[in-house]
Each structure stands twice: as C-alpha cells, then as structure tokens.
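As provided, work_15.txt (compact mmCIF, C-alpha atoms) reads as follows.
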# COMPACT_ATOMS: atom_id res chain seq x y z
CA MET A 1 -63.43 3.47 35.16
CA ASP A 2 -60.69 2.71 32.66
CA SER A 3 -58.54 5.38 30.98
CA LEU A 4 -60.84 5.56 27.96
CA GLU A 5 -63.91 6.23 30.10
CA LEU A 6 -62.00 8.76 32.20
CA LEU A 7 -60.59 10.67 29.24
CA ALA A 8 -63.79 10.54 27.17
CA HIS A 9 -65.28 13.61 28.82
CA PRO A 10 -64.57 17.20 27.72
CA ILE A 11 -64.02 18.61 31.23
CA ARG A 12 -61.68 15.78 32.26
CA LEU A 13 -59.81 16.09 28.96
CA ARG A 14 -59.36 19.82 29.58
CA ILE A 15 -58.04 19.10 33.08
CA VAL A 16 -55.50 16.69 31.56
CA HIS A 17 -54.50 19.36 29.00
CA ALA A 18 -54.02 21.91 31.79
CA MET A 19 -51.80 19.53 33.76
CA GLY A 20 -49.36 18.94 30.88
CA GLY A 21 -45.69 19.77 31.16
CA GLY A 22 -45.23 18.48 34.68
CA ARG A 23 -47.34 21.23 36.22
CA LEU A 24 -48.66 21.06 39.76
CA LEU A 25 -52.05 22.76 39.95
CA THR A 26 -54.68 23.22 42.61
CA THR A 27 -58.39 22.80 42.13
CA ALA A 28 -58.77 26.59 42.31
CA GLN A 29 -56.26 26.99 39.47
CA LEU A 30 -58.08 24.37 37.41
CA CYS A 31 -61.41 26.11 38.08
CA ALA A 32 -59.89 29.35 36.75
CA ARG A 33 -58.73 27.48 33.64
CA ILE A 34 -62.25 26.09 33.03
CA PRO A 35 -64.47 29.02 34.06
CA GLU A 36 -67.59 27.78 32.25
CA ALA A 37 -67.77 24.75 34.57
CA SER A 38 -68.98 25.11 38.15
CA LYS A 39 -66.49 24.52 40.95
CA ALA A 40 -68.49 21.47 42.03
CA THR A 41 -68.19 20.03 38.51
CA VAL A 42 -64.43 20.58 38.39
CA TYR A 43 -64.01 19.08 41.89
CA ARG A 44 -66.06 16.01 40.87
CA HIS A 45 -63.99 15.43 37.71
CA ILE A 46 -60.70 15.89 39.58
CA ASP A 47 -61.87 13.30 42.11
CA LEU A 48 -62.68 10.86 39.30
CA LEU A 49 -59.24 11.42 37.72
CA VAL A 50 -57.51 10.89 41.09
CA THR A 51 -59.56 7.77 41.83
CA GLY A 52 -58.76 6.46 38.33
CA GLY A 53 -55.03 7.06 38.82
CA ILE A 54 -54.65 9.69 36.10
CA LEU A 55 -54.00 12.48 38.61
CA GLU A 56 -52.22 12.17 41.92
CA VAL A 57 -51.84 14.46 44.90
CA ALA A 58 -48.29 15.79 44.68
CA GLU A 59 -48.39 17.90 47.84
CA GLU A 60 -50.74 19.26 50.45
CA ARG A 61 -50.54 22.59 52.29
CA ARG A 62 -52.57 24.23 55.02
CA VAL A 63 -54.01 27.50 53.73
CA ARG A 64 -56.24 29.50 56.08
CA GLY A 65 -57.19 26.34 57.97
CA ALA A 66 -58.04 24.31 54.86
CA VAL A 67 -55.94 21.72 53.08
CA GLU A 68 -54.91 22.83 49.59
CA ARG A 69 -53.91 19.97 47.31
CA HIS A 70 -51.60 20.30 44.34
CA TYR A 71 -52.22 17.68 41.69
CA ARG A 72 -49.85 16.15 39.17
CA LEU A 73 -50.67 14.31 35.94
CA ARG A 74 -49.53 10.71 35.72
CA GLN A 75 -48.66 10.84 32.04
CA ASP A 76 -48.19 7.07 31.88
CA ARG A 77 -51.86 6.61 32.88
CA ALA A 78 -53.30 9.41 30.71
CA VAL A 79 -53.21 7.31 27.56
CA ILE A 80 -55.62 5.06 25.75
CA GLY A 81 -53.79 1.89 24.84
CA PRO A 82 -53.87 0.13 21.48
CA GLU A 83 -55.99 -2.75 22.83
CA ALA A 84 -58.66 -0.31 23.99
CA VAL A 85 -58.61 1.48 20.64
CA ARG A 86 -59.00 -1.81 18.74
CA SER A 87 -62.03 -2.69 20.86
CA LEU A 88 -63.94 0.50 20.02
CA THR A 89 -67.10 0.29 17.95
CA PRO A 90 -67.93 2.95 15.35
CA ALA A 91 -70.32 4.49 17.92
CA ASP A 92 -67.47 4.59 20.47
CA HIS A 93 -65.24 6.33 17.90
CA ARG A 94 -67.99 8.89 17.20
CA GLN A 95 -68.33 9.58 20.92
CA ALA A 96 -64.56 9.87 21.46
CA PHE A 97 -64.21 12.20 18.46
CA ALA A 98 -67.14 14.34 19.64
CA THR A 99 -65.55 14.59 23.09
CA ALA A 100 -62.22 15.63 21.61
CA MET A 101 -63.88 18.24 19.39
CA THR A 102 -65.98 19.57 22.28
CA ALA A 103 -62.86 20.00 24.41
CA LEU A 104 -60.99 21.57 21.49
CA LEU A 105 -63.79 24.07 20.86
CA ALA A 106 -64.01 24.92 24.57
CA GLU A 107 -60.24 25.48 24.76
CA PHE A 108 -60.33 27.66 21.64
CA ASN A 109 -63.24 29.73 22.98
CA ALA A 110 -61.44 30.14 26.32
CA TYR A 111 -58.36 31.36 24.41
CA LEU A 112 -60.38 33.87 22.34
CA ASP A 113 -62.16 35.11 25.48
CA ARG A 114 -58.85 36.16 27.04
CA GLU A 115 -58.28 39.90 26.80
CA GLN A 116 -54.75 39.45 25.44
CA ALA A 117 -55.68 36.84 22.79
CA ASP A 118 -53.96 37.63 19.49
CA PRO A 119 -54.42 34.80 16.97
CA VAL A 120 -51.96 36.34 14.49
CA ALA A 121 -49.17 36.95 17.00
CA ASP A 122 -49.83 33.55 18.64
CA GLN A 123 -49.63 31.84 15.24
CA VAL A 124 -53.00 30.16 15.73
CA GLY A 125 -53.65 27.63 12.99
CA TYR A 126 -56.53 25.43 11.98
CA ARG A 127 -55.64 24.39 8.49
CA GLN A 128 -56.92 21.26 6.86
CA HIS A 129 -55.23 19.48 3.96
CA ALA A 130 -56.59 16.62 1.91
CA LEU A 131 -53.67 14.31 1.12
CA TRP A 132 -53.50 11.22 -1.07
CA LEU A 133 -51.43 8.70 0.86
CA SER A 134 -50.73 5.00 0.63
CA PRO A 135 -50.73 3.06 3.92
CA GLU A 136 -46.94 3.20 3.85
CA GLU A 137 -46.91 6.95 3.25
CA LEU A 138 -49.42 7.45 6.09
CA ASP A 139 -47.21 5.39 8.44
CA GLN A 140 -44.22 7.50 7.40
CA LEU A 141 -46.12 10.78 7.94
CA ILE A 142 -47.34 9.68 11.39
CA GLY A 143 -43.79 8.64 12.29
CA GLU A 144 -42.42 12.01 11.18
CA MET A 145 -45.07 13.86 13.16
CA ARG A 146 -44.34 11.77 16.27
CA ALA A 147 -40.62 12.40 15.84
CA ALA A 148 -41.31 16.15 15.81
CA ILE A 149 -43.88 16.20 18.64
CA VAL A 150 -42.71 13.64 21.22
CA PRO A 151 -39.53 15.51 22.28
CA LYS A 152 -41.61 18.66 22.87
CA LEU A 153 -43.93 16.79 25.26
CA ALA A 154 -41.11 16.89 27.83
CA ASN A 155 -41.00 20.71 27.75
CA ARG A 156 -41.79 22.35 31.07
CA PRO A 157 -43.50 25.70 31.63
CA GLY A 158 -41.03 28.56 31.68
CA PRO A 159 -40.38 32.15 30.72
CA GLY A 160 -41.37 32.82 27.12
CA ARG A 161 -43.20 29.48 26.81
CA ALA A 162 -46.94 29.30 26.26
CA GLN A 163 -48.88 26.06 26.35
CA TYR A 164 -50.23 25.21 22.88
CA LEU A 165 -52.86 22.62 22.09
CA LEU A 166 -51.85 20.60 19.04
CA SER A 167 -54.53 18.25 17.72
CA PRO A 168 -53.47 16.16 14.73
CA ILE A 169 -56.51 14.44 13.25
CA HIS A 170 -56.45 12.16 10.25
CA PHE A 171 -58.89 9.78 8.65
CA PRO A 172 -59.66 8.69 5.07
CA VAL A 173 -62.33 10.87 3.45
CA GLU A 174 -62.79 8.48 0.55
CA ALA A 175 -61.73 4.98 -0.39
CA PRO A 176 -58.70 4.46 -2.62
CA PRO A 177 -59.49 4.26 -6.34
CA GLN A 178 -59.68 0.72 -7.69
structure tokens encoding of this file:
Amino acid sequence: MDSLELLAHPIRLRIVHAMGGGRLLTTAQLCARIPEASKATVYRHIDLLVTGGILEVAEERRVRGAVERHYRLRQDRAVIGPEAVRSLTPADHRQAFATAMTALLAEFNAYLDREQADPVADQVGYRQHALWLSPEELDQLIGEMRAAIVPKLANRPGPGRAQYLLSPIHFPVEAPPQ
C-alpha cells in the first residue's frame, strides 16, 4: 500500500494524529485513544502502518512475559506527495475528504466524551468563512498559514501543552465571476 492508501482510512488517520509530536505509544495506549474501535482493529491498522513504513518500532520491553512495543511515527512517510495528489480522480478526492471528515468527527466526539471536556476553556473552534480570493491571494494565504503552522509541528508533548487537531480546509464554492 502507498501512503495515500494507508492514510485514507479514519482509524489509521487517528493513529497518525495520536503519534504526532514525536510521541512513543504502545498499542494499549492507542486503543485507549480510539475506544470505539476493537483492540483487534487497532492492532490490524498498526500492523498495516508498520508494514507500510509510516510507523516504526522504537523500542521493545518485556512486560509480564509479553513483549510491549512502543511505536514512533515516521513523519517523512506520513505524507501524500504532490504527484499522488495530482493523480487523484474526483471520486478519489471525495473518498479522501470523507475519510478526513470521518476522522475529524470521531476525534471531536472522543473529545466531547471526556469528562473534563470544556469547549470554551479549550478554545474549540469550527468557524467557516467564505472568502473571495484570486489565485495569487490564495497562494499567499496558504503560505501565511504554513508559516504559522509548520514551526508548531515540531512541538513536543510537555507540561501545559495539549494536542490540538487543526484542519484547514479550502476549496472554491463557486466559480469566479466573468
């Protein structure tokens, strides 16, 4: 499976989200993060991500006679390259978007199901804005967003830091006036 096929599944996408920030997590920890999926399902998707090179075993420990593996995300492999994006059909784009939205909804529901969830204190946002942009203005906006986001991708978990899911989505809702 290529990166697109591996990442185009809501459970695998949620595993990748959980692994962000250089975290080392066990299958048990990932199962706790995705409680609506069976352990067998999470194990199967972790195996696919390891086989596909998106996750790697960072360390192994003996725990009560069993081997406990800690996995690490290979960030360089957890991307869909420009060539793959250019090759997508409209049906492929629909499927990829549906997968992303399914994972987003599952993550949001998991957040709201936590006893300590406080959308106001956590500054939860899901605003949508309709903007009129030329291609040049869109390029500039994307560049500004990347400039703001990319440095934060290197942040590691730590005291006072929560992991946030940021999902910029943009597409034209109507054609430019003639």
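Of the residues under consideration (A:Pro90, A:Gly20, A:Gly125, A:Gly158), A:Gly20 shows the shortest atom-to-atom contact distance to Ala78 (chain A) when counting all atoms listed in the file.
In this structure, CA of His170 (chain A) sits 11.6 Å away from CA of Asp139 (chain A).
For the residues A:Leu6, A:Tyr71, A:Leu104, A:Asp47, ranking by smallest atom-to-atom distance to Gln29 (chain A) using all atoms listed in the file places A:Tyr71 first.
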Which residues, written as a PyMOL selection string, have at least one atom at most 12 Å from region 106-113 of chain A, with only C-alpha atoms counted and residues fewer than 2 positions away on the same chain left out?
-> chain A and resi 10-11+13-15+17-18+32-37+99-104+115-120+122+124-126+162-167
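Counting only C-alpha atoms, the residue from A:Ala175, A:Val50, A:Leu7, A:Leu105 that sits nearest to Gly81 (chain A) is A:Leu7.
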Could you state the separation of CA of Ala8 (chain A) and CA of Arg146 (chain A) in Å, given to one decimal place?
-> 22.3 Å
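Between CA of Ile80 (chain A) and CA of Ile54 (chain A) lies a distance of 11.4 Å.
By chain and then residue number, the residues within 9 Å of Met1 (chain A) are A:Glu5, A:Leu6, A:Leu48, A:Thr51, A:Gly52, counting all atoms listed in the file and disregarding those fewer than 4 positions away in sequence.
For region 84-89 of chain A, the residues within 10 Å (counting all atoms listed in the file, excluding itself and residues fewer than 5 positions away along the chain) are Asp2, Ser3, Leu4, Arg94, Gln95 and Ala96 of chain A.
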What's the 9 Å shell around Glu68 (chain A), counting all atoms listed in the file, without same-chain residues fewer than 2 positions away, as a ChimeraX atom specification?
-> /A:26-27,59-63,66,70
Keeping C-alpha atoms for every residue in the selection just given, could you write it to a file as a compact mmCIF listing (two decimals), keeping the file's coordinate frame?
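And here is the file that came out, out_35.txt:
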# COMPACT_ATOMS: atom_id res chain seq x y z
CA THR A 26 -54.68 23.22 42.61
CA THR A 27 -58.39 22.80 42.13
CA GLU A 59 -48.39 17.90 47.84
CA GLU A 60 -50.74 19.26 50.45
CA ARG A 61 -50.54 22.59 52.29
CA ARG A 62 -52.57 24.23 55.02
CA VAL A 63 -54.01 27.50 53.73
CA ALA A 66 -58.04 24.31 54.86
CA HIS A 70 -51.60 20.30 44.34
Identify, on the basis of all atoms listed in the file, every residue whose closest approach to Pro177 (chain A) does not exceed 12 Å; exclude the query and any residue fewer than 2 positions from it along the same chain; express the result as a count of residues only.
-> 5
